[in-house]
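What's in entry22.pdb: PDB, C-alpha atoms
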ATOM      1  CA  MET H  76    -100.301-163.756  16.067
ATOM      2  CA  LYS H  77    -103.765-164.947  17.062
ATOM      3  CA  THR H  78    -104.765-165.713  20.653
ATOM      4  CA  VAL H  79    -108.010-167.214  21.961
ATOM      5  CA  LYS H  80    -109.115-167.158  25.618
ATOM      6  CA  ARG H  81    -110.354-170.515  26.894
ATOM      7  CA  LYS H  82    -111.560-172.001  30.180
ATOM      8  CA  GLY H  83    -109.044-174.856  30.101
ATOM      9  CA  PRO H  84    -105.914-176.113  28.395
ATOM     10  CA  PRO H  85    -106.087-176.757  24.648
ATOM     11  CA  GLY H  86    -107.513-180.109  23.617
ATOM     12  CA  LEU H  87    -106.476-182.261  20.689
ATOM     13  CA  SER H  88    -109.713-181.426  18.899
ATOM     14  CA  TYR H  89    -109.173-177.666  19.077
ATOM     15  CA  THR H  90    -108.859-175.576  15.969
ATOM     16  CA  ALA H  91    -107.342-172.203  15.160
ATOM     17  CA  GLN H  92    -108.905-169.565  12.977
ATOM     18  CA  ILE H  93    -108.324-166.377  11.074
ATOM     19  CA  SER H  94    -111.104-164.014  10.109
ATOM     20  CA  ALA H  95    -111.657-164.164   6.354
ATOM     21  CA  LYS H  96    -111.303-160.361   6.374
ATOM     22  CA  HIS H  97    -107.664-160.805   7.422
ATOM     23  CA  ALA H  98    -106.739-163.793   5.243
ATOM     24  CA  ASP H  99    -105.251-161.529   2.575
ATOM     25  CA  GLU H 100    -103.177-159.378   4.945
ATOM     26  CA  PRO H 101     -99.593-158.957   3.706
ATOM     27  CA  VAL H 102     -98.034-161.428   6.174
ATOM     28  CA  ASP H 103     -95.901-164.500   5.556
ATOM     29  CA  GLN H 104     -96.765-166.486   8.693
ATOM     30  CA  PHE H 105     -99.530-167.044  11.233
ATOM     31  CA  PHE H 106     -98.880-168.133  14.820
ATOM     32  CA  PHE H 107    -101.576-169.292  17.234
ATOM     33  CA  MET H 108    -101.803-169.289  21.022
ATOM     34  CA  SER H 109    -104.424-170.189  23.615
ATOM     35  CA  TYR H 110    -104.773-168.371  26.933
ATOM     36  CA  GLU H 111    -106.100-170.488  29.810
ATOM     37  CA  ILE H 112    -108.002-167.912  31.870
ATOM     38  CA  ALA H 113    -108.237-169.629  35.281
ATOM     39  CA  ALA H 114    -104.591-170.730  35.320
ATOM     40  CA  ARG H 115    -103.372-167.479  33.719
ATOM     41  CA  LYS H 116    -101.322-169.635  31.353
ATOM     42  CA  MET H 117    -100.453-169.051  27.712
ATOM     43  CA  TRP H 118    -100.188-172.111  25.470
ATOM     44  CA  LEU H 119     -98.129-171.818  22.289
ATOM     45  CA  LEU H 120    -100.022-173.917  19.738
ATOM     46  CA  GLY H 121     -97.884-173.510  16.627
ATOM     47  CA  GLY H 122     -97.394-171.617  13.426
ATOM     48  CA  ILE H 123     -97.844-172.050   9.725
ATOM     49  CA  ASP H 124     -96.972-170.098   6.621
ATOM     50  CA  ARG H 125     -99.862-168.083   5.200
ATOM     51  CA  ASN H 126    -100.182-170.080   1.971
ATOM     52  CA  GLY H 127    -100.025-173.396   3.841
ATOM     53  CA  PHE H 128    -102.724-172.168   6.194
ATOM     54  CA  LEU H 129    -105.032-171.124   3.372
ATOM     55  CA  ASP H 130    -104.406-174.414   1.519
ATOM     56  CA  ARG H 131    -105.211-176.576   4.570
ATOM     57  CA  ALA H 132    -107.822-174.511   6.418
ATOM     58  CA  ARG H 133    -111.539-174.900   5.909
ATOM     59  CA  TYR H 134    -113.504-171.816   4.946
ATOM     60  CA  TYR H 135    -116.730-171.296   6.918
ATOM     61  CA  GLN H 136    -119.302-168.942   5.462
ATOM     62  CA  ALA H 137    -122.227-167.209   7.146
ATOM     63  CA  GLY H 138    -124.757-169.665   8.560
ATOM     64  CA  GLU H 139    -122.360-172.616   8.796
ATOM     65  CA  ALA H 140    -121.727-174.227  12.179
ATOM     66  CA  VAL H 141    -118.115-174.709  13.254
ATOM     67  CA  HIS H 142    -119.539-176.695  16.203
ATOM     68  CA  GLN H 143    -122.881-176.735  18.037
ATOM     69  CA  ASN H 144    -122.142-173.519  19.946
ATOM     70  CA  TYR H 145    -120.560-171.554  17.108
ATOM     71  CA  VAL H 146    -122.479-170.537  13.988
ATOM     72  CA  ILE H 147    -120.819-168.040  11.655
ATOM     73  CA  ARG H 148    -122.607-164.698  11.467
ATOM     74  CA  PRO H 149    -122.763-162.685   8.222
ATOM     75  CA  GLY H 150    -119.621-160.603   7.856
ATOM     76  CA  HIS H 151    -117.653-162.851  10.252
ATOM     77  CA  GLU H 152    -116.573-165.643   7.910
ATOM     78  CA  ILE H 153    -113.434-167.538   8.924
ATOM     79  CA  TYR H 154    -110.708-169.905   7.836
ATOM     80  CA  ASN H 155    -110.298-172.660  10.431
ATOM     81  CA  ILE H 156    -107.553-175.288  10.813
ATOM     82  CA  GLU H 157    -106.954-178.216  13.166
ATOM     83  CA  ILE H 158    -104.148-177.382  15.603
ATOM     84  CA  GLY H 159    -102.525-180.713  14.720
ATOM     85  CA  LEU H 160    -101.723-179.253  11.292
ATOM     86  CA  LEU H 161     -99.695-176.405  12.802
ATOM     87  CA  VAL H 162     -95.907-176.577  13.016
ATOM     88  CA  ASP H 163     -94.634-177.139  16.576
ATOM     89  CA  PRO H 164     -93.622-173.777  18.126
ATOM     90  CA  LYS H 165     -89.907-174.673  18.452
ATOM     91  CA  LEU H 166     -89.689-175.868  14.853
ATOM     92  CA  TRP H 167     -91.711-172.902  13.609
ATOM     93  CA  LEU H 168     -89.380-170.449  15.392
ATOM     94  CA  ARG H 169     -86.365-172.075  13.756
ATOM     95  CA  SER H 170     -88.013-171.813  10.340
ATOM     96  CA  VAL H 171     -88.615-168.067  10.635
ATOM     97  CA  ALA H 172     -85.454-167.066  12.525
TER      98      ALA H 172
END
Any chance you could put this one into structure tokens?
Amino acid sequence: MKTVKRKGPPGLSYTAQISAKHADEPVDQFFFMSYEIAARKMWLLGGIDRNGFLDRARYYQAGEAVHQNYVIRPGHEIYNIEIGLLVDPKLWLRSVA
């Protein structure tokens, strides 16, 4: 489960990420959420199986820019995926239940 705090509700252009250090953890699934700070609201973004995530996510290495305000620091490499590629929370729950 990965949660990110944000100032507003999730946008269509948002992405979800896993630290490269944790990409090989012995888990079968990843699930992503976004916490809207001001509204104190948790958004369930979706889930994806680990292999599907790694196949579809983009790897960002040190020095690469994810966007203009986010450059990857050495030792903080990530795998990043568009939230539109995640499985809807209700469908994901059915697939793992």
message: Residue by residue, what does the PyMOL selection byres ((chain H and resi 149) around 9) grab here? Present the result as number ranges by chain.
response: H: 136-138, 147-148, 150-152
Quick one: write out the picked residues with C-alpha atoms as a short mmCIF file (atom, residue, chain, number, x, y, z; two decimals), in the frame of the given file?
data_model
loop_
_atom_site.label_atom_id
_atom_site.label_comp_id
_atom_site.auth_asym_id
_atom_site.auth_seq_id
_atom_site.Cartn_x
_atom_site.Cartn_y
_atom_site.Cartn_z
CA GLN H 136 -119.30 -168.94 5.46
CA ALA H 137 -122.23 -167.21 7.15
CA GLY H 138 -124.76 -169.66 8.56
CA ILE H 147 -120.82 -168.04 11.66
CA ARG H 148 -122.61 -164.70 11.47
CA GLY H 150 -119.62 -160.60 7.86
CA HIS H 151 -117.65 -162.85 10.25
CA GLU H 152 -116.57 -165.64 7.91
#
task: State, in Å with one decimal place, the distance from CA of Pro164 in chain H to CA of Gln92 in chain H.
output: 16.7 Å
- request: List the residues sitting within 12 Å of (-109.0, -159.0, 4.5) in the file's frame, using all atoms listed in the file, as a ChimeraX atom specification.
  value: /H:93-102,150-154
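What the PyMOL selection byres ((chain H and resi 118) around 8) matches in the given file is Pro84, Pro85, Met108, Ser109, Tyr110, Glu111, Lys116, Met117, Leu119 and Leu120 of chain H.
Shortest atom-to-atom contact with Ala113 in chain H among H:Leu160, H:Arg125, H:Asp130, H:Lys80: H:Lys80, counting all atoms listed in the file.
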